[in-house]
Every structure is written in C-alpha cells, then in structure tokens.
file entry-v2.csv (CSV, C-alpha atoms)
chain,number,residue,atom,x,y,z
A,20,MET,CA,0.0,0.0,0.0
A,21,GLU,CA,1.3,3.4,-0.9
A,22,LYS,CA,1.4,6.2,1.7
A,23,ASP,CA,2.6,9.8,1.0
A,24,GLY,CA,4.0,8.6,-2.3
A,25,ILE,CA,6.4,6.1,-0.7
A,26,ASN,CA,5.8,2.4,-1.5
A,27,ASP,CA,8.5,0.8,0.6
A,28,ARG,CA,7.9,1.6,4.2
A,29,LYS,CA,10.0,-1.2,5.7
A,30,PHE,CA,12.3,-0.1,8.5
A,31,ALA,CA,15.3,-1.6,6.7
A,32,ARG,CA,14.8,0.8,3.8
A,33,PHE,CA,14.9,3.8,6.1
A,34,CYS,CA,18.0,2.5,7.9
A,35,GLN,CA,19.9,2.6,4.6
A,36,ASP,CA,18.5,6.1,3.8
A,37,TRP,CA,19.4,7.3,7.2
A,38,LEU,CA,23.0,6.0,6.8
A,39,CYS,CA,23.3,7.7,3.5
A,40,TYR,CA,22.0,10.9,5.0
A,41,LYS,CA,24.4,10.8,8.0
A,42,LYS,CA,27.6,9.6,6.1
A,43,PRO,CA,28.8,13.1,4.9
A,44,LEU,CA,28.0,14.6,8.3
A,45,ILE,CA,29.9,12.3,10.7
A,46,LYS,CA,33.3,10.7,11.1
A,47,ILE,CA,34.0,7.4,9.4
A,48,SER,CA,34.4,5.8,12.8
A,49,SER,CA,30.9,6.9,13.8
A,50,TYR,CA,29.5,5.7,10.4
A,51,CYS,CA,31.1,2.3,10.9
A,52,LYS,CA,29.7,2.0,14.4
A,53,TYR,CA,26.2,3.0,13.3
A,54,GLU,CA,26.3,0.6,10.3
A,55,GLN,CA,27.3,-2.3,12.6
A,56,ILE,CA,24.5,-1.5,15.1
A,57,ILE,CA,21.9,-1.5,12.3
A,58,ARG,CA,23.3,-4.7,10.6
A,59,LEU,CA,23.7,-6.7,13.8
A,60,HIS,CA,20.9,-5.6,16.0
A,61,LEU,CA,18.2,-3.5,14.3
A,62,ILE,CA,17.7,-5.2,10.9
A,63,PRO,CA,17.3,-8.8,12.2
A,64,LEU,CA,14.4,-7.8,14.5
A,65,PHE,CA,12.7,-4.8,12.8
A,66,GLY,CA,14.0,-4.8,9.2
A,67,GLU,CA,10.9,-6.3,7.5
A,68,ARG,CA,8.5,-4.3,9.6
A,69,ASP,CA,6.6,-1.1,8.5
A,70,PHE,CA,8.4,1.5,10.7
A,71,GLU,CA,5.0,2.8,12.0
A,72,GLU,CA,4.2,-0.6,13.4
A,73,ILE,CA,7.2,-0.6,15.8
A,74,SER,CA,5.7,0.2,19.2
A,75,GLU,CA,7.0,1.5,22.4
A,76,GLN,CA,6.3,-1.9,24.1
A,77,GLU,CA,8.3,-3.8,21.4
A,78,ILE,CA,11.2,-1.4,21.9
A,79,ASN,CA,11.1,-1.9,25.7
A,80,TYR,CA,11.2,-5.7,25.1
A,81,PHE,CA,14.1,-5.2,22.7
A,82,SER,CA,16.0,-3.2,25.3
A,83,ARG,CA,15.5,-5.9,28.0
A,84,MET,CA,16.5,-8.6,25.5
A,85,LEU,CA,19.8,-6.8,24.8
A,86,SER,CA,20.5,-6.5,28.5
A,87,ASP,CA,19.4,-9.9,29.7
A,88,SER,CA,19.7,-12.3,26.8
A,89,VAL,CA,22.5,-10.8,24.8
A,90,GLN,CA,24.1,-9.4,28.0
A,91,LEU,CA,25.3,-6.2,26.5
A,92,SER,CA,26.5,-3.4,28.8
A,93,ASP,CA,24.1,-0.5,29.6
A,94,LYS,CA,26.4,1.7,27.4
A,95,SER,CA,26.1,-0.6,24.4
A,96,VAL,CA,22.3,-0.8,24.9
A,97,ARG,CA,22.0,3.0,25.0
A,98,ASP,CA,24.1,3.3,21.8
A,99,ILE,CA,21.8,0.8,20.0
A,100,LEU,CA,18.6,2.5,21.2
A,101,GLY,CA,20.1,5.9,20.2
A,102,VAL,CA,20.5,4.7,16.6
A,103,LEU,CA,17.0,3.1,16.6
A,104,SER,CA,15.5,6.4,17.9
A,105,SER,CA,17.4,8.5,15.2
A,106,VAL,CA,16.2,6.2,12.4
A,107,LEU,CA,12.6,6.2,13.6
A,108,ARG,CA,12.6,10.0,14.0
A,109,TYR,CA,14.1,10.3,10.5
A,110,SER,CA,11.4,7.9,9.1
A,111,TYR,CA,8.5,9.8,10.6
A,112,LYS,CA,9.9,13.1,9.4
A,113,ILE,CA,10.5,12.0,5.8
A,114,THR,CA,7.1,10.5,5.4
A,115,ARG,CA,5.3,13.3,7.4
A,116,SER,CA,3.7,10.6,9.4
A,117,PRO,CA,0.8,12.0,11.5
A,118,TYR,CA,1.6,9.5,14.3
A,119,PRO,CA,3.9,10.3,17.3
A,120,VAL,CA,7.3,8.7,17.4
A,121,PRO,CA,7.4,6.0,20.0
A,122,ASP,CA,9.1,6.9,23.3
A,123,ILE,CA,12.3,5.1,24.1
A,124,HIS,CA,13.4,4.5,27.6
A,125,TYR,CA,17.2,4.2,28.1
A,126,PRO,CA,18.9,2.2,30.8
A,127,LYS,CA,20.7,4.3,33.4
A,128,LEU,CA,24.4,4.1,33.3
A,129,ALA,CA,26.1,3.1,36.6
A,130,GLN,CA,28.5,5.9,37.7
A,131,LYS,CA,32.0,4.6,37.3
A,132,GLU,CA,34.9,5.9,39.5
A,133,ILE,CA,37.3,7.5,37.1
A,134,ARG,CA,41.0,7.1,37.7
A,135,VAL,CA,42.8,10.4,38.2
A,136,LEU,CA,46.5,10.7,39.1
A,137,SER,CA,47.2,12.4,42.3
A,138,LEU,CA,49.6,15.4,42.1
A,139,ALA,CA,52.4,13.3,43.6
A,140,GLU,CA,51.7,10.5,41.0
A,141,GLN,CA,51.6,13.1,38.2
A,142,HIS,CA,55.1,14.5,39.2
A,143,ILE,CA,56.5,10.9,39.4
A,144,LEU,CA,55.3,10.3,35.8
A,145,ILE,CA,56.5,13.7,34.6
A,146,ASP,CA,60.0,13.1,36.1
A,147,TYR,CA,60.1,9.8,34.3
A,148,LEU,CA,59.0,11.2,31.0
A,149,THR,CA,61.5,14.1,31.1
A,150,THR,CA,64.4,11.9,31.9
A,151,ASP,CA,66.1,10.8,28.6
A,152,MET,CA,63.1,12.2,26.8
A,153,ASP,CA,62.4,10.8,23.3
A,154,GLU,CA,59.6,11.7,20.9
A,155,CYS,CA,57.2,9.2,22.4
A,156,LYS,CA,57.7,10.3,26.0
A,157,PHE,CA,57.4,13.9,24.7
A,158,GLY,CA,54.0,13.0,23.2
A,159,VAL,CA,52.7,11.5,26.4
A,160,PHE,CA,54.0,14.6,28.3
A,161,LEU,CA,52.1,16.9,25.9
A,162,ALA,CA,48.9,14.9,26.6
A,163,MET,CA,49.4,15.5,30.3
A,164,VAL,CA,49.6,19.3,29.9
A,165,THR,CA,47.0,19.8,27.2
A,166,GLY,CA,44.3,17.1,27.7
A,167,MET,CA,44.6,16.0,24.1
A,168,ARG,CA,43.0,12.7,23.1
A,169,ILE,CA,45.2,9.7,22.1
A,170,GLY,CA,44.1,10.0,18.4
A,171,GLU,CA,44.9,13.7,18.4
A,172,ILE,CA,48.4,13.1,19.8
A,173,CYS,CA,49.1,10.3,17.3
A,174,ALA,CA,48.0,12.7,14.4
A,175,LEU,CA,50.0,15.7,15.7
A,176,ARG,CA,52.6,17.0,13.3
A,177,TRP,CA,55.2,19.7,14.0
A,178,ALA,CA,53.3,22.0,11.7
A,179,ASP,CA,50.6,22.0,14.3
A,180,ILE,CA,52.9,23.5,17.0
A,181,SER,CA,53.7,27.2,16.9
A,182,ILE,CA,56.5,27.9,19.3
A,183,ASP,CA,56.3,31.6,18.5
A,184,GLU,CA,52.7,31.8,19.5
A,185,GLY,CA,53.0,29.1,22.2
A,186,ILE,CA,50.0,27.1,21.0
A,187,ILE,CA,49.1,23.7,19.6
A,188,ARG,CA,46.5,23.6,16.8
A,189,VAL,CA,44.4,20.4,16.9
A,190,SER,CA,43.3,19.7,13.4
A,191,SER,CA,43.6,15.9,12.9
A,192,SER,CA,43.0,12.6,14.6
A,193,LEU,CA,44.2,9.1,14.0
A,194,GLN,CA,41.7,6.2,14.7
A,195,ARG,CA,41.5,2.5,14.1
A,196,VAL,CA,38.0,1.7,12.8
A,197,VAL,CA,36.2,-1.4,11.6
A,198,ASN,CA,35.7,-1.5,7.8
A,199,TYR,CA,32.6,-3.6,6.9
A,200,SER,CA,32.9,-3.2,3.1
A,201,ARG,CA,32.7,-6.3,1.0
A,202,ASN,CA,36.4,-6.5,0.5
A,203,ASN,CA,37.5,-5.9,4.1
A,204,ARG,CA,34.7,-7.9,5.9
A,205,GLY,CA,35.1,-6.4,9.3
A,206,LYS,CA,38.9,-5.9,9.3
A,207,THR,CA,40.2,-2.8,11.1
A,208,GLU,CA,42.1,0.0,9.4
A,209,LEU,CA,43.7,3.2,10.5
A,210,VAL,CA,42.1,6.4,9.4
A,211,LEU,CA,43.8,9.8,9.6
A,212,GLY,CA,41.1,12.5,9.5
A,213,LYS,CA,39.3,15.3,11.3
A,214,PRO,CA,39.0,15.3,15.1
A,215,LYS,CA,36.0,14.0,17.0
A,216,SER,CA,33.8,17.0,16.2
A,217,ALA,CA,34.0,20.6,14.9
A,218,CYS,CA,34.6,21.8,18.5
A,219,SER,CA,37.5,19.4,18.7
A,220,GLN,CA,39.4,21.5,16.1
A,221,ARG,CA,40.9,23.9,18.5
A,222,SER,CA,44.0,25.9,19.6
A,223,ILE,CA,45.5,25.0,23.0
A,224,PRO,CA,47.9,27.4,24.8
A,225,LEU,CA,51.1,25.7,26.1
A,226,THR,CA,52.3,25.8,29.6
A,227,ARG,CA,55.8,27.3,30.2
A,228,ARG,CA,57.4,23.9,30.6
A,229,GLY,CA,55.5,22.5,27.7
A,230,LEU,CA,56.7,25.3,25.5
A,231,GLU,CA,60.3,24.8,26.7
A,232,LEU,CA,60.2,21.1,25.8
A,233,CYS,CA,58.6,21.9,22.4
A,234,ALA,CA,61.6,24.1,21.6
A,235,LYS,CA,64.0,21.5,22.8
A,236,MET,CA,62.4,18.6,20.8
A,237,TYR,CA,61.6,20.8,17.8
A,238,ASN,CA,61.9,19.2,14.3
A,239,GLU,CA,62.3,21.5,11.4
A,240,CYS,CA,60.5,19.0,9.1
A,241,ASN,CA,57.0,20.4,9.7
A,242,GLU,CA,55.2,17.4,8.1
A,243,TYR,CA,56.9,14.9,10.5
A,244,PHE,CA,54.8,13.4,13.2
A,245,VAL,CA,55.7,14.5,16.7
A,246,LEU,CA,55.5,11.0,18.2
A,247,THR,CA,57.9,9.4,15.7
A,248,GLY,CA,60.0,12.3,14.3
A,249,THR,CA,59.4,10.8,10.9
A,250,ALA,CA,56.8,11.0,8.1
A,251,HIS,CA,55.2,7.8,9.5
A,252,TYR,CA,52.6,8.0,12.3
A,253,MET,CA,52.4,5.8,15.4
A,254,GLU,CA,49.1,4.1,15.9
A,255,PRO,CA,47.1,4.5,19.1
A,256,ARG,CA,47.5,0.9,20.3
A,257,THR,CA,51.3,1.3,20.1
A,258,LEU,CA,51.1,4.5,22.1
A,259,GLN,CA,48.8,2.9,24.7
A,260,ASN,CA,51.4,0.1,25.1
A,261,LYS,CA,54.1,2.6,25.5
A,262,LEU,CA,52.2,4.4,28.3
A,263,LYS,CA,51.6,1.0,30.0
A,264,LYS,CA,55.4,0.5,30.0
A,265,TYR,CA,56.0,4.0,31.4
A,266,THR,CA,53.5,3.7,34.2
A,267,LYS,CA,54.7,0.3,35.1
A,268,ALA,CA,58.2,1.7,35.5
A,269,CYS,CA,56.8,4.4,37.8
A,270,GLY,CA,54.8,1.9,39.9
A,271,LEU,CA,51.5,3.4,38.8
A,272,GLU,CA,48.5,1.1,38.3
A,273,GLY,CA,45.2,1.5,36.4
A,274,VAL,CA,46.4,4.2,34.1
A,275,HIS,CA,45.1,4.5,30.6
A,276,PHE,CA,45.6,7.2,28.1
A,277,HIS,CA,42.3,8.9,28.9
A,278,THR,CA,43.5,9.0,32.6
A,279,LEU,CA,45.9,11.7,31.4
A,280,ARG,CA,43.0,13.8,30.0
A,281,HIS,CA,40.9,13.3,33.2
A,282,THR,CA,44.0,14.3,35.3
A,283,PHE,CA,44.6,17.4,33.2
A,284,ALA,CA,41.0,18.6,33.6
A,285,THR,CA,41.1,17.9,37.3
A,286,ARG,CA,44.2,19.9,37.9
A,287,CYS,CA,42.7,22.8,35.9
A,288,ILE,CA,39.6,22.8,38.1
A,289,GLU,CA,41.7,22.6,41.3
A,290,THR,CA,43.7,25.6,40.2
A,291,GLY,CA,40.6,27.7,39.5
A,292,PHE,CA,40.6,27.3,35.7
A,293,GLU,CA,37.6,29.1,34.2
A,294,ILE,CA,35.1,26.4,33.1
A,295,LYS,CA,34.2,27.9,29.7
A,296,SER,CA,37.9,28.2,28.8
A,297,LEU,CA,38.6,24.6,29.9
A,298,SER,CA,35.7,23.3,27.9
A,299,GLU,CA,37.2,24.9,24.8
A,300,VAL,CA,40.7,23.6,25.5
A,301,LEU,CA,39.2,20.1,25.9
A,302,GLY,CA,37.2,20.4,22.7
A,303,HIS,CA,33.7,20.1,24.2
A,304,ALA,CA,30.6,21.5,22.5
A,305,ASP,CA,28.9,22.1,25.9
A,306,VAL,CA,30.3,23.4,29.2
A,307,ASN,CA,28.0,20.8,30.9
A,308,ILE,CA,29.9,18.0,29.4
A,309,THR,CA,33.1,19.4,31.0
A,310,MET,CA,31.5,19.7,34.4
A,311,ARG,CA,29.8,16.3,34.3
A,312,ARG,CA,32.8,14.3,33.1
A,313,TYR,CA,35.9,15.9,34.3
A,314,MET,CA,35.3,17.8,37.6
A,315,HIS,CA,37.0,15.1,39.8
A,316,CYS,CA,38.7,17.0,42.5
A,317,SER,CA,41.2,15.3,44.8
A,318,MET,CA,40.4,14.6,48.4
A,319,GLU,CA,43.2,16.9,49.4
A,320,PHE,CA,41.6,19.8,47.5
A,321,LYS,CA,38.2,18.9,49.0
A,322,LYS,CA,39.7,19.1,52.5
A,323,LYS,CA,41.2,22.5,51.8
A,324,ASN,CA,37.8,23.8,50.6
A,325,MET,CA,36.1,22.3,53.7
A,326,GLU,CA,38.6,24.0,55.9
A,327,ARG,CA,37.2,27.4,54.7
A,328,LEU,CA,34.2,26.6,56.8
A,329,ASN,CA,36.3,26.9,59.9
A,330,SER,CA,36.1,30.7,59.7
A,331,LEU,CA,32.3,30.3,60.2
A,332,GLY,CA,32.8,28.1,63.3
A,333,LEU,CA,31.3,25.1,61.6
call {"tool": "encode", "arguments": {"input": "entry-v2.csv", "output": "structure tokens"}}
result
Amino acid sequence: MEKDGINDRKFARFCQDWLCYKKPLIKISSYCKYEQIIRLHLIPLFGERDFEEISEQEINYFSRMLSDSVQLSDKSVRDILGVLSSVLRYSYKITRSPYPVPDIHYPKLAQKEIRVLSLAEQHILIDYLTTDMDECKFGVFLAMVTGMRIGEICALRWADISIDEGIIRVSSSLQRVVNYSRNNRGKTELVLGKPKSACSQRSIPLTRRGLELCAKMYNECNEYFVLTGTAHYMEPRTLQNKLKKYTKACGLEGVHFHTLRHTFATRCIETGFEIKSLSEVLGHADVNITMRRYMHCSMEFKKKNMERLNSLGL
C-alpha cells in the first residue's frame, strides 16, 4: 500500500536512507559504528516491519533482551537504542507521518569511578618522561599538559605546533576503525582524518614547561609526526602500550591514556581554571559535558575547601 508517495515503508529501507544521510555529516568511525549496530541488531528484528508498526512496548522488550539475553552493557544498549531512535525520527519526518514517534526508555548508566592521578603521581610520571626524553615520551607529556586525546596526539605534526605563538592547533585525529565493506569484511584500518567534532578542532595554549620542551624537541620538518620524528605515524594501540610501559616503571596502576585527560582537567579545576575556557581547551561543545565528566577534585583539594568553613565556626 502506498502512503505519502512512498511504496517501501520497511524499516530496513529507512535504515539505509538514514545512513546515506548521515555519512557526509559524521566521522568514518561513527559511520562504521552505526552501520554495525543497524546490521547486527536492528535489521534482524525490525528490518521487514513497517516503521510505524514498531511500538514502544516492542522497543522496551528489545531493550530488555539486549541487556538480559545478549548481555550487553548498559552503554552498548544505550548506543543501540540511540540509533534506533534516530532512524525512527528520520522515518517519521521524511514520510510526514501523523503519528507520534514512540518513546524510548534508556537504561541508566552506573556511575564509574574515574582514575585520576594524584599530584604526587603526576610528578612521578613527569619526572620519568622528562628523563632521557624521546619523541614518544614527549607526546605523552604533551597529553598530560594539554588534555589532548590519544588519536589527536598520534596525528600531531610539528606543523601543528607554533613555538612563536605558544600554541598547539588540533586539526587531525588518527583512529582505528572497523571496515565492513565487501572486500574488508570487518577488518580494522587506520584512518587519519578530522578530530571527534567541529569543536575538537581547536587551539591550545602551552604551559611554560610545555613550550620549553617543544623548543627542545623541535623538528624542522613540519610534516613529520611528533611521536615518531618521521613521516610515518604511530598508531594509538602502540602509544597505549608505551604508556603502560612507562606507568609500570613508575609503579602506577590502572592508568590508561584517557586518565591523562581526566587528570589534566582535574588539575585545571583545582587551580581555578575558568570552566568555559577549559571546555574549549578540551574540545567540548557544551560546558555541561566538561562539568559532568571531568570535575573530579582530589580529596586533598576537597579538604582545603572544607577548611574554609572553619572561619564560620562550623
């Protein structure tokens, strides 16, 4: 039956249309993730259905099935439901459907305790990195004093660092993504492209020590990558393994590359960094993201703030 001039109203058709619509607007890593969610989870259950027949009750059942039977994490379930919601909203909009889009209820995410280096641990790691510093140690140090993501550090070239201005321009990111094309069949590949979002393309002022080390490590070949000192990049997994080696030598446990970003943001908050500026340095589109994810003050800092109540006799 034809409605609004559209013969094929199967959900699978709108999934493909939505992917084509999104492809030029998002990073290739996001596209691959969405394509995988649609292919593995949405098409098998909803693909042959008229999109208007997919009810709120069925979606709730689908959500419980992903959690209980498939045993996916709450984060994975939320990601899948997010794609389902986007495709449905797209379908209703394109067809000008008079019916309301079904509500989707997302599982709550358990609050995870995020590892942040103490100031003492941070100094231990910095001392290690600045002793017999090479390009890789230098890259890890830059992450500690700028909050840059691992893919951004891997993609950083000397052309992106201005010693005269004292800034780093973040313009690229290196990511390993899954390629589901017919020839690759799910193999991963490295993609050098734009950062996570438009806001992630940013300029970051360097600290005094960061600027001094940039001048010391400077390579006149602007197109060379900072991490390798050559025209060949280092992939994120290799850098993560390097960090593991460094932290093990320092006796630090549970440290991942994103720990450096959390630690940078925490130190900024503790020293009174203005939130809007910090949000821009981190490459966030919204100040609330910065406050929600990265305001993890140390117990020592909390105690100092509580001591201010002493003047009130409390």
call {"tool": "residues_near_point", "arguments": {"input": "entry-v2.csv", "point": "(37.4, 20.9, 20.3)", "cutoff": "7 Å", "atoms": "all atoms listed in the file", "output": "JSON, numbers by chain"}}
result
{"A": [216, 217, 218, 219, 220, 221, 299, 300, 301, 302, 303]}
call {"tool": "write_last_selection", "arguments": {"input": "entry-v2.csv", "atoms": "C-alpha atoms", "output": "PDB file, in the frame of the given file"}}
result
ATOM      1  CA  SER A 216      33.800  17.000  16.200  1.00  0.00           C
ATOM      2  CA  ALA A 217      34.000  20.600  14.900  1.00  0.00           C
ATOM      3  CA  CYS A 218      34.600  21.800  18.500  1.00  0.00           C
ATOM      4  CA  SER A 219      37.500  19.400  18.700  1.00  0.00           C
ATOM      5  CA  GLN A 220      39.400  21.500  16.100  1.00  0.00           C
ATOM      6  CA  ARG A 221      40.900  23.900  18.500  1.00  0.00           C
ATOM      7  CA  GLU A 299      37.200  24.900  24.800  1.00  0.00           C
ATOM      8  CA  VAL A 300      40.700  23.600  25.500  1.00  0.00           C
ATOM      9  CA  LEU A 301      39.200  20.100  25.900  1.00  0.00           C
ATOM     10  CA  GLY A 302      37.200  20.400  22.700  1.00  0.00           C
ATOM     11  CA  HIS A 303      33.700  20.100  24.200  1.00  0.00           C
TER      12      HIS A 303
END
call {"tool": "closest_residue", "arguments": {"input": "entry-v2.csv", "among": "A:Ile143, A:Tyr125, A:Glu67, A:Ile57", "to": "Lys267 (chain A)", "atoms": "only C-alpha atoms"}}
result
A:Ile143
call {"tool": "closest_residue", "arguments": {"input": "entry-v2.csv", "among": "A:Gly229, A:Phe157, A:Ala31, A:Cys287", "to": "Arg58 (chain A)", "atoms": "all atoms listed in the file"}}
result
A:Ala31
call {"tool": "residues_around", "arguments": {"input": "entry-v2.csv", "residues": "Thr278 (chain A)", "least_positions_apart": "6", "cutoff": "12 Å", "atoms": "all atoms listed in the file", "output": "ChimeraX atom specification"}}
result
/A:132-137,140-141,159,162-163,166-169,259,262-263,266,271-272,284-285,312-313,315
call {"tool": "atom_distance", "arguments": {"input": "entry-v2.csv", "atom1": "CA of Leu128 (chain A)", "atom2": "CA of Lys94 (chain A)"}}
result
6.7 Å
call {"tool": "atom_distance", "arguments": {"input": "entry-v2.csv", "atom1": "CA of Phe65 (chain A)", "atom2": "CA of Leu38 (chain A)"}}
result
16.1 Å
call {"tool": "atom_distance", "arguments": {"input": "entry-v2.csv", "atom1": "CA of Asn324 (chain A)", "atom2": "CA of Thr226 (chain A)"}}
result
25.6 Å
call {"tool": "residues_near_point", "arguments": {"input": "entry-v2.csv", "point": "(33.2, 26.6, 32.3)", "cutoff": "10 Å", "atoms": "only C-alpha atoms", "output": "list in words"}}
result
Ile288, Phe292, Glu293, Ile294, Lys295, Ser296, Leu297, Ser298, Glu299, Asp305, Val306, Asn307, Ile308, Thr309 and Met310 of chain A
call {"tool": "closest_residue", "arguments": {"input": "entry-v2.csv", "among": "A:Val106, A:Ile223, A:Leu258, A:Met325", "to": "Lys41 (chain A)", "atoms": "all atoms listed in the file"}}
result
A:Val106
call {"tool": "closest_residue", "arguments": {"input": "entry-v2.csv", "among": "A:Tyr252, A:Tyr53, A:Phe276, A:Tyr40", "to": "Ala174 (chain A)", "atoms": "all atoms listed in the file"}}
result
A:Tyr252
call {"tool": "residues_around", "arguments": {"input": "entry-v2.csv", "residues": "Leu230 (chain A)", "least_positions_apart": "6", "cutoff": "10 Å", "atoms": "only C-alpha atoms", "output": "list in words"}}
result
Leu161, Ile180, Ser181, Ile182, Asp183, Glu184, Gly185, Ile186, Ile187, Pro224 and Met236 of chain A
